[in-house]
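Content type mmCIF, C-alpha atoms, from the file my_file_6.cif:
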```cif
data_run
#
loop_
_atom_site.group_PDB
_atom_site.id
_atom_site.type_symbol
_atom_site.label_atom_id
_atom_site.label_comp_id
_atom_site.auth_asym_id
_atom_site.auth_seq_id
_atom_site.Cartn_x
_atom_site.Cartn_y
_atom_site.Cartn_z
ATOM 1 C CA MET A 288 -29.468 183.412 62.872
ATOM 2 C CA LYS A 289 -30.141 179.930 64.254
ATOM 3 C CA PRO A 290 -30.576 180.062 68.038
ATOM 4 C CA GLU A 291 -27.807 178.388 70.029
ATOM 5 C CA LEU A 292 -27.172 177.738 73.712
ATOM 6 C CA ILE A 293 -23.797 176.762 75.162
ATOM 7 C CA LEU A 294 -23.625 175.291 78.657
ATOM 8 C CA GLN A 295 -21.337 177.465 80.745
ATOM 9 C CA GLN A 296 -21.867 176.522 84.362
ATOM 10 C CA VAL A 297 -23.732 174.379 86.848
ATOM 11 C CA ILE A 298 -24.662 176.863 89.583
ATOM 12 C CA ASP A 299 -23.256 175.754 92.948
ATOM 13 C CA VAL A 300 -26.507 175.743 94.911
ATOM 14 C CA PRO A 301 -28.429 173.046 96.795
ATOM 15 C CA SER A 302 -30.253 170.562 94.610
ATOM 16 C CA CYS A 303 -34.018 170.970 94.198
ATOM 17 C CA ALA A 304 -36.619 168.245 94.377
ATOM 18 C CA LEU A 305 -38.746 170.372 92.038
ATOM 19 C CA GLY A 306 -36.959 173.527 90.912
ATOM 20 C CA GLU A 307 -39.265 176.049 89.210
ATOM 21 C CA GLY A 308 -40.439 179.658 88.967
ATOM 22 C CA LEU A 309 -37.344 181.501 87.698
ATOM 23 C CA HIS A 310 -37.535 185.290 87.982
ATOM 24 C CA TYR A 311 -34.940 188.025 87.378
ATOM 25 C CA ILE A 312 -34.864 191.576 88.742
ATOM 26 C CA PRO A 313 -32.388 193.445 86.507
ATOM 27 C CA GLN A 314 -32.043 196.584 88.644
ATOM 28 C CA LYS A 315 -30.692 194.478 91.525
ATOM 29 C CA GLN A 316 -29.152 191.669 89.415
ATOM 30 C CA LEU A 317 -31.086 189.157 91.489
ATOM 31 C CA LEU A 318 -32.142 185.725 90.279
ATOM 32 C CA TYR A 319 -34.970 183.963 92.101
ATOM 33 C CA TRP A 320 -36.374 180.450 91.846
ATOM 34 C CA VAL A 321 -38.273 178.000 94.049
ATOM 35 C CA ASP A 322 -38.241 174.378 95.121
ATOM 36 C CA ILE A 323 -41.936 173.575 95.213
ATOM 37 C CA LEU A 324 -41.733 170.271 97.060
ATOM 38 C CA LYS A 325 -39.251 171.413 99.708
ATOM 39 C CA HIS A 326 -41.071 174.743 100.212
ATOM 40 C CA ARG A 327 -37.979 176.851 99.481
ATOM 41 C CA LEU A 328 -37.351 180.216 97.836
ATOM 42 C CA PHE A 329 -33.850 180.916 96.485
ATOM 43 C CA LYS A 330 -32.380 184.386 95.996
ATOM 44 C CA LEU A 331 -29.038 184.644 94.180
ATOM 45 C CA HIS A 332 -27.089 187.888 93.631
ATOM 46 C CA LEU A 333 -25.423 187.153 90.292
ATOM 47 C CA PRO A 334 -22.322 189.440 90.573
ATOM 48 C CA THR A 335 -21.280 188.036 93.977
ATOM 49 C CA ASP A 336 -22.917 184.561 94.018
ATOM 50 C CA LYS A 337 -24.415 185.453 97.403
ATOM 51 C CA LEU A 338 -27.257 183.004 98.050
ATOM 52 C CA GLU A 339 -30.204 183.239 100.438
ATOM 53 C CA ILE A 340 -32.679 180.417 101.036
ATOM 54 C CA HIS A 341 -36.073 181.051 102.628
ATOM 55 C CA THR A 342 -38.268 178.181 103.805
ATOM 56 C CA PHE A 343 -42.079 178.189 104.006
ATOM 57 C CA ASP A 344 -44.720 176.080 105.724
ATOM 58 C CA GLU A 345 -46.368 175.223 102.403
ATOM 59 C CA ALA A 346 -45.499 174.784 98.743
ATOM 60 C CA VAL A 347 -44.176 177.973 97.155
ATOM 61 C CA CYS A 348 -44.682 177.614 93.421
ATOM 62 C CA TRP A 349 -43.327 180.799 91.796
ATOM 63 C CA VAL A 350 -41.943 184.254 92.508
ATOM 64 C CA ASN A 351 -42.396 187.553 90.671
ATOM 65 C CA SER A 352 -42.181 191.267 91.486
ATOM 66 C CA THR A 353 -44.221 194.437 91.073
ATOM 67 C CA ASN A 354 -43.603 197.840 89.521
ATOM 68 C CA THR A 355 -42.654 199.084 93.012
ATOM 69 C CA GLY A 356 -40.179 196.273 93.665
ATOM 70 C CA GLN A 357 -42.455 194.256 95.945
ATOM 71 C CA LEU A 358 -41.969 190.492 95.768
ATOM 72 C CA ILE A 359 -45.053 188.431 94.936
ATOM 73 C CA ILE A 360 -45.110 184.697 95.623
ATOM 74 C CA GLY A 361 -47.574 182.071 94.492
ATOM 75 C CA CYS A 362 -48.133 179.441 97.176
ATOM 76 C CA LYS A 363 -50.486 176.504 97.419
ATOM 77 C CA SER A 364 -52.886 178.579 99.538
ATOM 78 C CA GLY A 365 -52.812 181.661 97.318
ATOM 79 C CA ILE A 366 -50.856 184.670 96.107
ATOM 80 C CA TYR A 367 -49.087 186.934 98.589
ATOM 81 C CA GLU A 368 -47.087 190.122 98.790
ATOM 82 C CA TYR A 369 -43.943 188.898 100.524
ATOM 83 C CA GLN A 370 -41.590 190.943 102.702
ATOM 84 C CA ILE A 371 -38.338 189.010 102.421
ATOM 85 C CA GLU A 372 -36.670 190.880 105.302
ATOM 86 C CA THR A 373 -39.411 190.068 107.814
ATOM 87 C CA GLN A 374 -40.756 186.965 106.035
ATOM 88 C CA SER A 375 -44.293 188.318 106.357
ATOM 89 C CA LYS A 376 -47.050 187.614 103.817
ATOM 90 C CA ASP A 377 -50.091 189.679 102.849
ATOM 91 C CA LEU A 378 -52.795 187.860 100.909
ATOM 92 C CA LEU A 379 -53.665 189.061 97.397
ATOM 93 C CA TRP A 380 -55.699 186.072 96.201
ATOM 94 C CA GLN A 381 -56.888 183.015 98.082
ATOM 95 C CA ASN A 382 -56.828 179.610 96.417
ATOM 96 C CA ARG A 383 -60.160 178.258 97.590
ATOM 97 C CA GLN A 384 -59.446 174.886 95.956
ATOM 98 C CA ALA A 385 -56.300 174.184 97.968
ATOM 99 C CA ALA A 386 -58.121 171.691 100.172
ATOM 100 C CA ASN A 387 -58.999 169.727 97.014
ATOM 101 C CA ASN A 388 -55.305 169.269 96.087
ATOM 102 C CA ILE A 389 -55.366 172.141 93.586
ATOM 103 C CA ARG A 390 -52.244 174.301 93.773
ATOM 104 C CA LEU A 391 -50.623 177.104 91.820
ATOM 105 C CA ASN A 392 -47.941 176.056 89.366
ATOM 106 C CA ASP A 393 -46.520 178.790 87.103
ATOM 107 C CA ALA A 394 -46.978 182.475 86.275
ATOM 108 C CA LYS A 395 -45.786 185.244 83.957
ATOM 109 C CA THR A 396 -46.771 188.790 83.064
ATOM 110 C CA ASP A 397 -47.806 190.105 79.678
ATOM 111 C CA ARG A 398 -46.332 193.317 78.203
ATOM 112 C CA LYS A 399 -48.863 195.423 80.129
ATOM 113 C CA GLY A 400 -47.817 193.937 83.456
ATOM 114 C CA ARG A 401 -50.957 191.836 83.857
ATOM 115 C CA LEU A 402 -50.139 188.628 85.731
ATOM 116 C CA PHE A 403 -51.326 185.332 84.255
ATOM 117 C CA PHE A 404 -51.056 182.295 86.518
ATOM 118 C CA GLY A 405 -52.212 178.704 86.366
ATOM 119 C CA THR A 406 -53.402 176.052 88.781
ATOM 120 C CA MET A 407 -53.121 172.285 88.585
ATOM 121 C CA ASP A 408 -54.264 169.031 90.146
ATOM 122 C CA ASP A 409 -51.441 168.159 92.553
ATOM 123 C CA LEU A 410 -52.224 164.482 91.953
ATOM 124 C CA GLU A 411 -52.154 165.074 88.170
ATOM 125 C CA HIS A 412 -55.330 163.051 87.654
ATOM 126 C CA SER A 413 -58.074 165.513 86.707
ATOM 127 C CA ALA A 414 -58.434 168.610 84.540
ATOM 128 C CA LEU A 415 -59.417 170.827 87.481
ATOM 129 C CA GLY A 416 -56.782 173.500 86.909
ATOM 130 C CA ASN A 417 -57.469 176.943 85.448
ATOM 131 C CA LEU A 418 -55.650 179.915 83.970
ATOM 132 C CA TYR A 419 -56.243 183.227 85.759
ATOM 133 C CA GLN A 420 -55.431 186.875 85.240
ATOM 134 C CA LEU A 421 -54.622 189.365 88.014
ATOM 135 C CA THR A 422 -55.346 192.928 86.920
ATOM 136 C CA ALA A 423 -53.767 196.190 88.088
ATOM 137 C CA ASP A 424 -56.884 196.761 90.214
ATOM 138 C CA ARG A 425 -56.120 193.503 92.076
ATOM 139 C CA ILE A 426 -59.081 191.735 90.506
ATOM 140 C CA THR A 427 -58.600 188.061 89.674
ATOM 141 C CA LYS A 428 -60.608 186.406 86.920
ATOM 142 C CA LYS A 429 -60.550 182.994 85.282
ATOM 143 C CA VAL A 430 -59.571 183.220 81.600
ATOM 144 C CA ASP A 431 -59.233 179.536 80.649
ATOM 145 C CA GLU A 432 -59.922 176.137 82.199
ATOM 146 C CA ASN A 433 -59.583 172.340 81.983
ATOM 147 C CA TYR A 434 -55.873 171.996 82.773
ATOM 148 C CA THR A 435 -54.540 168.950 84.585
ATOM 149 C CA VAL A 436 -51.111 170.612 84.733
ATOM 150 C CA SER A 437 -51.028 174.278 83.692
ATOM 151 C CA ASN A 438 -47.580 175.612 82.761
ATOM 152 C CA GLY A 439 -45.987 178.638 81.198
ATOM 153 C CA PRO A 440 -47.423 181.035 80.362
ATOM 154 C CA ALA A 441 -45.404 183.487 78.251
ATOM 155 C CA CYS A 442 -46.141 186.473 76.057
ATOM 156 C CA SER A 443 -44.988 187.344 72.536
ATOM 157 C CA VAL A 444 -42.534 190.215 72.137
ATOM 158 C CA ASP A 445 -45.178 192.608 70.774
ATOM 159 C CA GLY A 446 -47.677 191.650 73.469
ATOM 160 C CA SER A 447 -50.335 190.438 71.040
ATOM 161 C CA ARG A 448 -50.255 186.742 71.964
ATOM 162 C CA LEU A 449 -50.229 184.686 75.145
ATOM 163 C CA TYR A 450 -48.835 181.151 75.141
ATOM 164 C CA SER A 451 -50.186 178.679 77.696
ATOM 165 C CA VAL A 452 -49.020 175.113 78.290
ATOM 166 C CA SER A 453 -51.150 172.058 78.981
ATOM 167 C CA SER A 454 -48.347 169.736 80.027
ATOM 168 C CA SER A 455 -50.418 166.582 80.331
ATOM 169 C CA LYS A 456 -51.922 167.070 76.864
ATOM 170 C CA GLN A 457 -48.478 167.976 75.446
ATOM 171 C CA ILE A 458 -49.950 171.088 73.819
ATOM 172 C CA ILE A 459 -48.883 174.729 73.846
ATOM 173 C CA TYR A 460 -51.840 177.000 73.103
ATOM 174 C CA SER A 461 -51.799 180.493 71.644
ATOM 175 C CA PHE A 462 -54.342 183.197 72.454
ATOM 176 C CA ASP A 463 -54.804 186.669 71.062
ATOM 177 C CA ILE A 464 -54.551 189.281 73.838
ATOM 178 C CA TYR A 465 -56.942 192.174 73.352
ATOM 179 C CA PRO A 466 -56.057 195.641 74.754
ATOM 180 C CA SER A 467 -58.518 195.019 77.577
ATOM 181 C CA GLY A 468 -56.581 191.878 78.552
ATOM 182 C CA GLN A 469 -59.291 189.556 77.282
ATOM 183 C CA LEU A 470 -58.048 186.353 75.651
ATOM 184 C CA LYS A 471 -59.601 185.169 72.390
ATOM 185 C CA ASN A 472 -58.983 182.785 69.492
ATOM 186 C CA LYS A 473 -57.429 179.944 71.474
ATOM 187 C CA HIS A 474 -55.753 177.357 69.284
ATOM 188 C CA ALA A 475 -53.096 174.654 69.556
ATOM 189 C CA LEU A 476 -49.864 176.217 68.333
ATOM 190 C CA ILE A 477 -47.440 173.403 69.215
ATOM 191 C CA ASN A 478 -48.142 169.694 69.554
ATOM 192 C CA PHE A 479 -45.110 168.775 71.587
ATOM 193 C CA PRO A 480 -42.798 166.040 70.213
ATOM 194 C CA LYS A 481 -43.404 162.941 72.343
ATOM 195 C CA GLU A 482 -39.733 161.957 72.293
ATOM 196 C CA TYR A 483 -38.965 165.065 74.379
ATOM 197 C CA GLY A 484 -41.371 164.249 77.190
ATOM 198 C CA TYR A 485 -43.744 166.979 78.355
ATOM 199 C CA PRO A 486 -43.627 170.757 77.882
ATOM 200 C CA ASP A 487 -43.004 172.627 81.124
ATOM 201 C CA GLY A 488 -41.924 176.271 81.663
ATOM 202 C CA ILE A 489 -41.531 178.562 78.654
ATOM 203 C CA THR A 490 -40.111 181.937 77.633
ATOM 204 C CA VAL A 491 -39.442 183.914 74.452
ATOM 205 C CA ASP A 492 -36.349 185.542 72.955
ATOM 206 C CA CYS A 493 -35.979 188.810 71.044
ATOM 207 C CA ASN A 494 -36.811 187.056 67.753
ATOM 208 C CA ASP A 495 -40.129 185.814 69.190
ATOM 209 C CA ASN A 496 -38.890 182.239 69.338
ATOM 210 C CA ILE A 497 -40.496 180.130 72.069
ATOM 211 C CA TRP A 498 -38.155 178.215 74.390
ATOM 212 C CA VAL A 499 -39.622 175.231 76.230
ATOM 213 C CA ALA A 500 -38.261 173.178 79.138
ATOM 214 C CA CYS A 501 -38.712 169.427 78.560
ATOM 215 C CA TRP A 502 -39.946 167.466 81.578
ATOM 216 C CA GLY A 503 -38.624 163.941 81.050
ATOM 217 C CA GLY A 504 -36.831 164.980 77.873
ATOM 218 C CA GLY A 505 -33.476 166.215 79.174
ATOM 219 C CA ALA A 506 -33.506 169.248 76.895
ATOM 220 C CA VAL A 507 -34.889 172.647 76.047
ATOM 221 C CA LEU A 508 -36.532 173.107 72.664
ATOM 222 C CA CYS A 509 -36.776 176.260 70.585
ATOM 223 C CA PHE A 510 -39.797 176.826 68.338
ATOM 224 C CA SER A 511 -40.535 179.644 65.934
ATOM 225 C CA SER A 512 -43.535 181.871 66.615
ATOM 226 C CA ASN A 513 -45.537 179.803 64.115
ATOM 227 C CA GLY A 514 -44.808 176.599 66.035
ATOM 228 C CA GLN A 515 -42.007 175.059 63.965
ATOM 229 C CA LEU A 516 -39.221 173.280 65.853
ATOM 230 C CA ILE A 517 -35.908 175.096 65.257
ATOM 231 C CA THR A 518 -33.419 173.441 67.583
ATOM 232 C CA ALA A 519 -32.979 171.218 70.639
ATOM 233 C CA VAL A 520 -30.352 171.767 73.335
ATOM 234 C CA ASP A 521 -29.379 168.957 75.689
ATOM 235 C CA VAL A 522 -29.476 169.552 79.451
ATOM 236 C CA PRO A 523 -27.553 167.068 81.671
ATOM 237 C CA ALA A 524 -30.663 166.358 83.756
ATOM 238 C CA PRO A 525 -33.751 164.487 82.549
ATOM 239 C CA TYR A 526 -36.422 166.583 84.292
ATOM 240 C CA VAL A 527 -36.096 170.143 83.000
ATOM 241 C CA THR A 528 -38.665 172.525 84.442
ATOM 242 C CA ASN A 529 -38.108 176.217 83.622
ATOM 243 C CA ILE A 530 -36.047 178.553 81.447
ATOM 244 C CA LEU A 531 -35.254 182.276 81.693
ATOM 245 C CA PHE A 532 -33.118 184.874 79.916
ATOM 246 C CA ALA A 533 -31.233 187.182 82.313
ATOM 247 C CA GLY A 534 -28.032 189.170 82.780
ATOM 248 C CA ASP A 535 -26.977 192.597 81.505
ATOM 249 C CA ASN A 536 -27.712 191.820 77.845
ATOM 250 C CA TYR A 537 -30.244 189.013 78.448
ATOM 251 C CA GLN A 538 -27.952 186.461 76.812
ATOM 252 C CA GLU A 539 -27.492 184.420 79.981
ATOM 253 C CA VAL A 540 -30.014 181.586 80.062
ATOM 254 C CA TYR A 541 -30.892 179.878 83.345
ATOM 255 C CA VAL A 542 -32.591 176.490 83.503
ATOM 256 C CA THR A 543 -34.065 174.744 86.559
ATOM 257 C CA THR A 544 -34.384 170.989 86.976
ATOM 258 C CA ALA A 545 -35.828 168.402 89.375
ATOM 259 C CA THR A 546 -34.842 165.187 91.138
ATOM 260 C CA ASN A 547 -38.222 164.145 92.524
ATOM 261 C CA PRO A 548 -39.197 161.448 89.980
ATOM 262 C CA MET A 549 -35.697 159.961 89.700
ATOM 263 C CA SER A 550 -34.439 156.594 90.883
ATOM 264 C CA GLU A 551 -31.103 156.300 92.686
ATOM 265 C CA LEU A 552 -29.641 154.827 89.506
ATOM 266 C CA GLU A 553 -30.814 157.865 87.509
ATOM 267 C CA LYS A 554 -29.367 160.240 90.092
ATOM 268 C CA LYS A 555 -25.978 158.556 89.745
ATOM 269 C CA ALA A 556 -26.195 158.847 85.967
ATOM 270 C CA PHE A 557 -27.209 162.543 86.178
ATOM 271 C CA PRO A 558 -25.543 163.844 89.364
ATOM 272 C CA ASP A 559 -26.324 167.507 88.646
ATOM 273 C CA SER A 560 -30.073 166.945 88.483
ATOM 274 C CA GLY A 561 -31.966 169.413 90.614
ATOM 275 C CA LYS A 562 -29.353 172.114 90.051
ATOM 276 C CA VAL A 563 -29.638 175.375 88.081
ATOM 277 C CA PHE A 564 -27.768 175.401 84.768
ATOM 278 C CA LYS A 565 -26.374 178.536 83.145
ATOM 279 C CA PHE A 566 -26.116 178.714 79.345
ATOM 280 C CA LEU A 567 -24.933 181.474 77.030
ATOM 281 C CA SER A 568 -27.118 182.338 74.033
ATOM 282 C CA ASN A 569 -26.247 183.895 70.691
ATOM 283 C CA LEU A 570 -29.636 185.648 70.857
ATOM 284 C CA SER A 571 -30.927 187.992 73.526
ATOM 285 C CA GLY A 572 -34.050 187.499 75.548
ATOM 286 C CA ILE A 573 -36.201 190.413 76.604
ATOM 287 C CA ALA A 574 -36.964 191.897 80.001
ATOM 288 C CA GLU A 575 -40.192 190.722 81.576
ATOM 289 C CA GLU A 576 -42.600 193.440 82.682
ATOM 290 C CA PRO A 577 -43.070 193.772 86.442
ATOM 291 C CA ILE A 578 -46.544 193.110 87.779
ATOM 292 C CA ASN A 579 -48.592 196.292 87.466
ATOM 293 C CA LEU A 580 -50.508 196.747 90.742
ATOM 294 C CA LYS A 581 -52.259 199.845 92.032
#
```
Write-out of the structure in structure tokens:
Amino acid sequence: MKPELILQQVIDVPSCALGEGLHYIPQKQLLYWVDILKHRLFKLHLPTDKLEIHTFDEAVCWVNSTNTGQLIIGCKSGIYEYQIETQSKDLLWQNRQAANNIRLNDAKTDRKGRLFFGTMDDLEHSALGNLYQLTADRITKKVDENYTVSNGPACSVDGSRLYSVSSSKQIIYSFDIYPSGQLKNKHALINFPKEYGYPDGITVDCNDNIWVACWGGGAVLCFSSNGQLITAVDVPAPYVTNILFAGDNYQEVYVTTATNPMSELEKKAFPDSGKVFKFLSNLSGIAEEPINLK
């Protein structure tokens, strides 16, 4: 079956300067995302469309959750356990490079619940970003390096491979994940088509296809697990940042976008830029594992 997405709805929420970090909690039917540049966290209850917006004093780059339901947020200064009711933060990992304009950018768990997260040069000049792993024992270790803009990552359905995006190099890498969590055999799986801009956030569907948001390309692309382009789906916004399968059967596909690089003329041409778009898929995604923390 060839993967297809059909645009169903532009979600009626405030526009984001840099929408990112989609996360879904199925037990509560909650969809989360962030606006990195405006320091905002969005929480949307899908059945009722009830929206909450939480504002921070620094960039909040992604949101995830643990096996006990605790929210985890990645901010410029580090990773925190976040109590949404009291808006209190408890530090899990400190970003000691924050003063050097290095911030967090994207994160995803593997099938064991190990969190992989990347950092990037906020000025997008130097390859000072890294890829890290947070273990169940709350130990953080660097597992890859030399990223100007680290994006993704995502994990294959069977948990044997991790995909990591170097946006500036327009490459999506594949690693083998060993049972210990060690990454080996890094290689370039996808050399991103230049006509679609730069690869940004990624996810996989139940057939192990890799879906990629196109920054500057106004689309999401679908690749097979061996890196072959299968299809392209237009998004009515040029700067597409993240993609996520959600809903009861994981056939709802949510896509975040950005307005930050756009001119006023571009904003008039694409008035829904910065919004969240909802598509319906003929294929299901799969549930992401919560972060496994002791």
(message) Using only C-alpha atoms for the distances, tell me which of A:Glu368, A:Pro440, A:Lys289, A:Ser467 is nearest to A:Ala519.
(response)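 Smallest separation from A:Ala519 among the options: A:Lys289.
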(request) Identify all residues satisfying the PyMOL selection byres ((chain A and resi 352) around 9) in the given file; provide them as a list in words. (result) His310, Tyr311, Ile312, Val350, Asn351, Thr353, Asn354, Thr355, Gly356, Gln357, Leu358, Ile359, Ile360, Glu368, Pro577 and Ile578 of chain A
Would you translate the PyMOL selection byres ((chain A and resi 395) around 10) into the concrete set of residues it matches in this file, as a CSV table (one decimal) with C-alpha atoms, in the frame of the given file?
```
chain,number,residue,atom,x,y,z
A,308,GLY,CA,-40.4,179.7,89.0
A,309,LEU,CA,-37.3,181.5,87.7
A,310,HIS,CA,-37.5,185.3,88.0
A,349,TRP,CA,-43.3,180.8,91.8
A,350,VAL,CA,-41.9,184.3,92.5
A,351,ASN,CA,-42.4,187.6,90.7
A,393,ASP,CA,-46.5,178.8,87.1
A,394,ALA,CA,-47.0,182.5,86.3
A,396,THR,CA,-46.8,188.8,83.1
A,397,ASP,CA,-47.8,190.1,79.7
A,398,ARG,CA,-46.3,193.3,78.2
A,400,GLY,CA,-47.8,193.9,83.5
A,401,ARG,CA,-51.0,191.8,83.9
A,402,LEU,CA,-50.1,188.6,85.7
A,403,PHE,CA,-51.3,185.3,84.3
A,404,PHE,CA,-51.1,182.3,86.5
A,405,GLY,CA,-52.2,178.7,86.4
A,420,GLN,CA,-55.4,186.9,85.2
A,438,ASN,CA,-47.6,175.6,82.8
A,439,GLY,CA,-46.0,178.6,81.2
A,440,PRO,CA,-47.4,181.0,80.4
A,441,ALA,CA,-45.4,183.5,78.3
A,442,CYS,CA,-46.1,186.5,76.1
A,449,LEU,CA,-50.2,184.7,75.1
A,489,ILE,CA,-41.5,178.6,78.7
A,490,THR,CA,-40.1,181.9,77.6
A,575,GLU,CA,-40.2,190.7,81.6
A,576,GLU,CA,-42.6,193.4,82.7
A,577,PRO,CA,-43.1,193.8,86.4
A,578,ILE,CA,-46.5,193.1,87.8
```
(message) Suppose a student applies the PyMOL selection byres ((chain A and resi 366) around 9) to this structure; what residues should they get, written as a list in words?
(response)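 For this structure, the PyMOL selection byres ((chain A and resi 366) around 9) resolves to Ile359, Ile360, Gly361, Cys362, Lys363, Ser364, Gly365, Tyr367, Glu368, Asp377, Leu378, Leu379, Trp380, Gln381, Asn382 and Leu391 of chain A.
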For the residues in the current selection, export C-alpha atoms as a short mmCIF file (atom, residue, chain, number, x, y, z; two decimals), keeping the file's coordinate frame.
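Below you can see result11.cif, which holds the result:
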```cif
data_model
loop_
_atom_site.label_atom_id
_atom_site.label_comp_id
_atom_site.auth_asym_id
_atom_site.auth_seq_id
_atom_site.Cartn_x
_atom_site.Cartn_y
_atom_site.Cartn_z
CA ILE A 359 -45.05 188.43 94.94
CA ILE A 360 -45.11 184.70 95.62
CA GLY A 361 -47.57 182.07 94.49
CA CYS A 362 -48.13 179.44 97.18
CA LYS A 363 -50.49 176.50 97.42
CA SER A 364 -52.89 178.58 99.54
CA GLY A 365 -52.81 181.66 97.32
CA TYR A 367 -49.09 186.93 98.59
CA GLU A 368 -47.09 190.12 98.79
CA ASP A 377 -50.09 189.68 102.85
CA LEU A 378 -52.80 187.86 100.91
CA LEU A 379 -53.66 189.06 97.40
CA TRP A 380 -55.70 186.07 96.20
CA GLN A 381 -56.89 183.02 98.08
CA ASN A 382 -56.83 179.61 96.42
CA LEU A 391 -50.62 177.10 91.82
#
```
(request) Between atom CA of A:Lys456 and atom CA of A:Ile573, measure the distance and give it in Å to one decimal. (result)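 We find that atom CA of A:Lys456 and atom CA of A:Ile573 lie 28.1 Å from each other.
Comparing the minimum interatomic distances between A:Leu410 and each of A:Arg327, A:Arg390, A:Lys315, A:His341, counting only C-alpha atoms, we find that A:Arg390 sits nearest.
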(request) For A:Thr422, please output as a list of chain:residue names all residues within 8 Å (counting all atoms listed in the file; exclusion window: fewer than 3 positions along the same chain). (result)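 Residues meeting the cut-off are A:Arg401, A:Leu402, A:Arg425, A:Ile426, A:Thr427, A:Asn579, A:Leu580.
Across A:Val452, A:Leu305, A:Ala386, A:Leu317, the tightest approach to A:Pro548 is made by A:Leu305 when counting only C-alpha atoms.
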Could stretch 491-538 of chain A be written out with C-alpha atoms, as a short mmCIF file (atom, residue, chain, number, x, y, z; two decimals), in the first residue's frame, please?
```cif
data_model
loop_
_atom_site.label_atom_id
_atom_site.label_comp_id
_atom_site.auth_asym_id
_atom_site.auth_seq_id
_atom_site.Cartn_x
_atom_site.Cartn_y
_atom_site.Cartn_z
CA VAL A 491 8.07 6.19 11.42
CA ASP A 492 4.85 4.38 10.53
CA CYS A 493 3.83 0.76 11.09
CA ASN A 494 5.48 -0.28 7.80
CA ASP A 495 8.82 1.18 8.95
CA ASN A 496 8.58 4.04 6.48
CA ILE A 497 10.37 7.22 7.57
CA TRP A 498 8.38 10.47 7.44
CA VAL A 499 10.37 13.70 7.30
CA ALA A 500 9.29 17.32 7.77
CA CYS A 501 10.79 19.61 5.10
CA TRP A 502 12.15 22.92 6.40
CA GLY A 503 11.90 25.30 3.44
CA GLY A 504 10.27 22.62 1.30
CA GLY A 505 6.58 23.02 2.14
CA ALA A 506 6.05 19.27 2.40
CA VAL A 507 6.56 16.05 4.28
CA LEU A 508 8.40 13.23 2.54
CA CYS A 509 8.02 9.50 3.07
CA PHE A 510 11.02 7.20 2.58
CA SER A 511 11.24 3.44 2.80
CA SER A 512 13.44 1.90 5.49
CA ASN A 513 16.19 1.48 2.89
CA GLY A 514 16.14 5.20 2.08
CA GLN A 515 14.11 5.27 -1.14
CA LEU A 516 11.71 8.19 -1.62
CA ILE A 517 8.12 6.87 -1.79
CA THR A 518 5.92 9.95 -1.79
CA ALA A 519 5.74 13.68 -1.07
CA VAL A 520 2.77 15.42 0.55
CA ASP A 521 2.32 19.18 0.24
CA VAL A 522 1.82 21.26 3.39
CA PRO A 523 0.40 24.81 2.94
CA ALA A 524 3.32 26.34 4.83
CA PRO A 525 6.92 26.51 3.59
CA TYR A 526 8.71 25.83 6.89
CA VAL A 527 7.59 22.40 8.10
CA THR A 528 9.24 21.32 11.34
CA ASN A 529 7.81 18.14 12.92
CA ILE A 530 5.46 15.23 12.25
CA LEU A 531 3.67 12.78 14.56
CA PHE A 532 1.14 9.96 14.34
CA ALA A 533 -1.56 10.12 17.04
CA GLY A 534 -5.21 9.38 17.79
CA ASP A 535 -6.99 6.16 18.73
CA ASN A 536 -5.66 4.17 15.76
CA TYR A 537 -2.56 6.31 15.11
CA GLN A 538 -3.87 7.35 11.70
#
```
